[in-house]
Amino acid sequence: MRYTVVWQPAAEDRLAEIWAAAKERKAVALAANAIDKALRFRPGTFGESRDALTRILVEEPLVIVYDVSEGDRRVRILDVRYVAPRQ
């Protein structure tokens, strides 16, 4: 079954800021697209749980915090951060 992935406005704004400031904008865009794609199917199997409701997922150079509503089949991306790619 497919889930709807929704970026909360604050996370979406932060992603835009990250993209605008990035030296490698393509890497940021590819990571955001990979996150959307991965979370459409079985979002509870990606990343690590942080508490009963939230999970964290690293898709370099991005790290997101998200939650999953099984009843609504909806994933909400709550926060996004930039992490420098590993050398």
# chains A, B, ... in the order shown; residues from 1 in each chain; ligands from 1

call {"tool": "residues_around", "arguments": {"residues": "Glu70 in chain A", "least_positions_apart": "5", "cutoff": "10 Å", "atoms": "only C-alpha atoms", "output": "PyMOL selection string"}}
result
chain A and resi 3+42-44+75

call {"tool": "write_last_selection", "arguments": {"atoms": "N, CA and C atoms", "output": "tab-separated table (two decimals), in the first residue's frame"}}
result
chain	number	residue	atom	x	y	z
A	3	TYR	N	1.77	5.24	0.76
A	3	TYR	CA	1.59	6.30	1.73
A	3	TYR	C	1.74	7.65	1.03
A	42	ARG	N	6.20	1.35	3.01
A	42	ARG	CA	6.74	0.83	4.27
A	42	ARG	C	7.63	1.83	5.01
A	43	PRO	N	7.11	3.00	5.32
A	43	PRO	CA	7.93	4.02	5.98
A	43	PRO	C	8.42	3.62	7.37
A	44	GLY	N	7.75	2.69	8.00
A	44	GLY	CA	8.16	2.24	9.32
A	44	GLY	C	9.39	1.36	9.30
A	75	VAL	N	2.67	10.04	5.83
A	75	VAL	CA	3.97	10.30	6.45
A	75	VAL	C	4.12	11.82	6.50

call {"tool": "residues_around", "arguments": {"residues": "Arg81 in chain A", "least_positions_apart": "3", "cutoff": "7 Å", "atoms": "only C-alpha atoms", "output": "list in words"}}
result
Leu62, Val63 and Ile64 of chain A

call {"tool": "select_by_dssp", "arguments": {"residues": "chain A", "states": "helix (DSSP H, G or I)", "output": "PyMOL selection string"}}
result
chain A and resi 9-21+25-39+43-45

call {"tool": "write_last_selection", "arguments": {"atoms": "N, CA and C atoms", "output": "short mmCIF file (atom, residue, chain, number, x, y, z; two decimals), in the first residue's frame"}}
result
data_model
loop_
_atom_site.label_atom_id
_atom_site.label_comp_id
_atom_site.auth_asym_id
_atom_site.auth_seq_id
_atom_site.Cartn_x
_atom_site.Cartn_y
_atom_site.Cartn_z
N PRO A 9 5.15 22.60 6.59
CA PRO A 9 5.65 23.87 6.07
C PRO A 9 7.02 24.27 6.61
N ALA A 10 7.27 24.10 7.90
CA ALA A 10 8.58 24.48 8.46
C ALA A 10 9.69 23.62 7.87
N ALA A 11 9.43 22.33 7.68
CA ALA A 11 10.43 21.44 7.08
C ALA A 11 10.66 21.79 5.61
N GLU A 12 9.60 22.11 4.93
CA GLU A 12 9.72 22.50 3.52
C GLU A 12 10.52 23.80 3.37
N ASP A 13 10.26 24.75 4.25
CA ASP A 13 11.02 26.01 4.24
C ASP A 13 12.49 25.75 4.54
N ARG A 14 12.75 24.90 5.51
CA ARG A 14 14.14 24.58 5.88
C ARG A 14 14.84 23.88 4.72
N LEU A 15 14.15 22.98 4.02
CA LEU A 15 14.74 22.30 2.87
C LEU A 15 15.12 23.33 1.80
N ALA A 16 14.27 24.30 1.56
CA ALA A 16 14.57 25.35 0.58
C ALA A 16 15.81 26.14 1.00
N GLU A 17 15.93 26.43 2.29
CA GLU A 17 17.11 27.15 2.79
C GLU A 17 18.38 26.30 2.60
N ILE A 18 18.27 25.03 2.92
CA ILE A 18 19.41 24.12 2.75
C ILE A 18 19.83 24.07 1.29
N TRP A 19 18.86 23.91 0.40
CA TRP A 19 19.15 23.83 -1.04
C TRP A 19 19.83 25.12 -1.53
N ALA A 20 19.30 26.27 -1.11
CA ALA A 20 19.84 27.56 -1.56
C ALA A 20 21.27 27.77 -1.08
N ALA A 21 21.61 27.26 0.08
CA ALA A 21 22.94 27.46 0.65
C ALA A 21 23.94 26.37 0.26
N ARG A 25 23.87 21.46 -4.83
CA ARG A 25 22.41 21.49 -4.84
C ARG A 25 21.81 20.21 -5.41
N LYS A 26 22.50 19.63 -6.38
CA LYS A 26 22.00 18.39 -6.97
C LYS A 26 21.92 17.28 -5.92
N ALA A 27 22.91 17.21 -5.04
CA ALA A 27 22.92 16.19 -3.99
C ALA A 27 21.74 16.37 -3.04
N VAL A 28 21.43 17.62 -2.70
CA VAL A 28 20.30 17.91 -1.82
C VAL A 28 18.99 17.50 -2.51
N ALA A 29 18.84 17.86 -3.76
CA ALA A 29 17.62 17.51 -4.50
C ALA A 29 17.48 15.99 -4.64
N LEU A 30 18.57 15.31 -4.96
CA LEU A 30 18.52 13.85 -5.09
C LEU A 30 18.15 13.19 -3.76
N ALA A 31 18.70 13.70 -2.66
CA ALA A 31 18.39 13.14 -1.35
C ALA A 31 16.91 13.35 -1.00
N ALA A 32 16.40 14.55 -1.24
CA ALA A 32 14.99 14.83 -0.96
C ALA A 32 14.08 13.92 -1.79
N ASN A 33 14.42 13.73 -3.06
CA ASN A 33 13.62 12.84 -3.91
C ASN A 33 13.70 11.39 -3.44
N ALA A 34 14.89 10.95 -3.01
CA ALA A 34 15.05 9.59 -2.51
C ALA A 34 14.24 9.38 -1.23
N ILE A 35 14.19 10.39 -0.38
CA ILE A 35 13.40 10.32 0.85
C ILE A 35 11.93 10.15 0.51
N ASP A 36 11.43 11.01 -0.37
CA ASP A 36 10.02 10.91 -0.78
C ASP A 36 9.70 9.52 -1.34
N LYS A 37 10.56 9.04 -2.19
CA LYS A 37 10.33 7.73 -2.82
C LYS A 37 10.35 6.60 -1.79
N ALA A 38 11.33 6.61 -0.91
CA ALA A 38 11.47 5.54 0.09
C ALA A 38 10.28 5.51 1.04
N LEU A 39 9.81 6.67 1.45
CA LEU A 39 8.76 6.72 2.46
C LEU A 39 7.37 6.44 1.91
N PRO A 43 7.11 3.00 5.32
CA PRO A 43 7.93 4.02 5.98
C PRO A 43 8.42 3.62 7.37
N GLY A 44 7.75 2.69 8.00
CA GLY A 44 8.16 2.24 9.32
C GLY A 44 9.39 1.36 9.30
N THR A 45 9.86 1.00 8.11
CA THR A 45 11.03 0.13 8.01
C THR A 45 12.31 0.91 7.72
#

call {"tool": "select_by_dssp", "arguments": {"residues": "chain A", "states": "strand (DSSP E or B)", "output": "list in words"}}
result
Thr4, Val5, Val6, Trp7, Glu48, Ser49, Thr54, Arg55, Ile56, Leu57, Val58, Glu59, Leu62, Val63, Ile64, Val65, Tyr66, Asp67, Val68, Ser69, Arg74, Val75, Arg76, Ile77, Leu78, Asp79, Val80, Arg81 and Tyr82 of chain A

call {"tool": "residues_around", "arguments": {"residues": "range 72-74 of chain A", "least_positions_apart": "3", "cutoff": "7 Å", "atoms": "only C-alpha atoms", "output": "count of residues only"}}
result
5

call {"tool": "atom_distance", "arguments": {"atom1": "CA of Ile77 in chain A", "atom2": "CA of Glu24 in chain A"}}
result
22.0 Å

call {"tool": "residues_around", "arguments": {"residues": "Arg76 in chain A", "least_positions_apart": "5", "cutoff": "8 Å", "atoms": "only C-alpha atoms", "output": "compact mmCIF listing (two decimals) with C-alpha atoms, in the first residue's frame"}}
result
# COMPACT_ATOMS: atom_id res chain seq x y z
CA VAL A 5 4.39 11.91 2.05
CA VAL A 6 3.77 15.46 3.29
CA TRP A 7 6.50 17.94 4.16
CA GLN A 8 5.29 20.17 6.99
CA TYR A 66 9.17 12.12 10.49
CA ASP A 67 6.12 10.36 11.84
CA VAL A 68 3.77 7.83 10.31

call {"tool": "closest_residue", "arguments": {"among": "A:Gly71, A:Val83, A:Lys23, A:Arg40", "to": "Val58 in chain A", "atoms": "only C-alpha atoms"}}
result
A:Val83
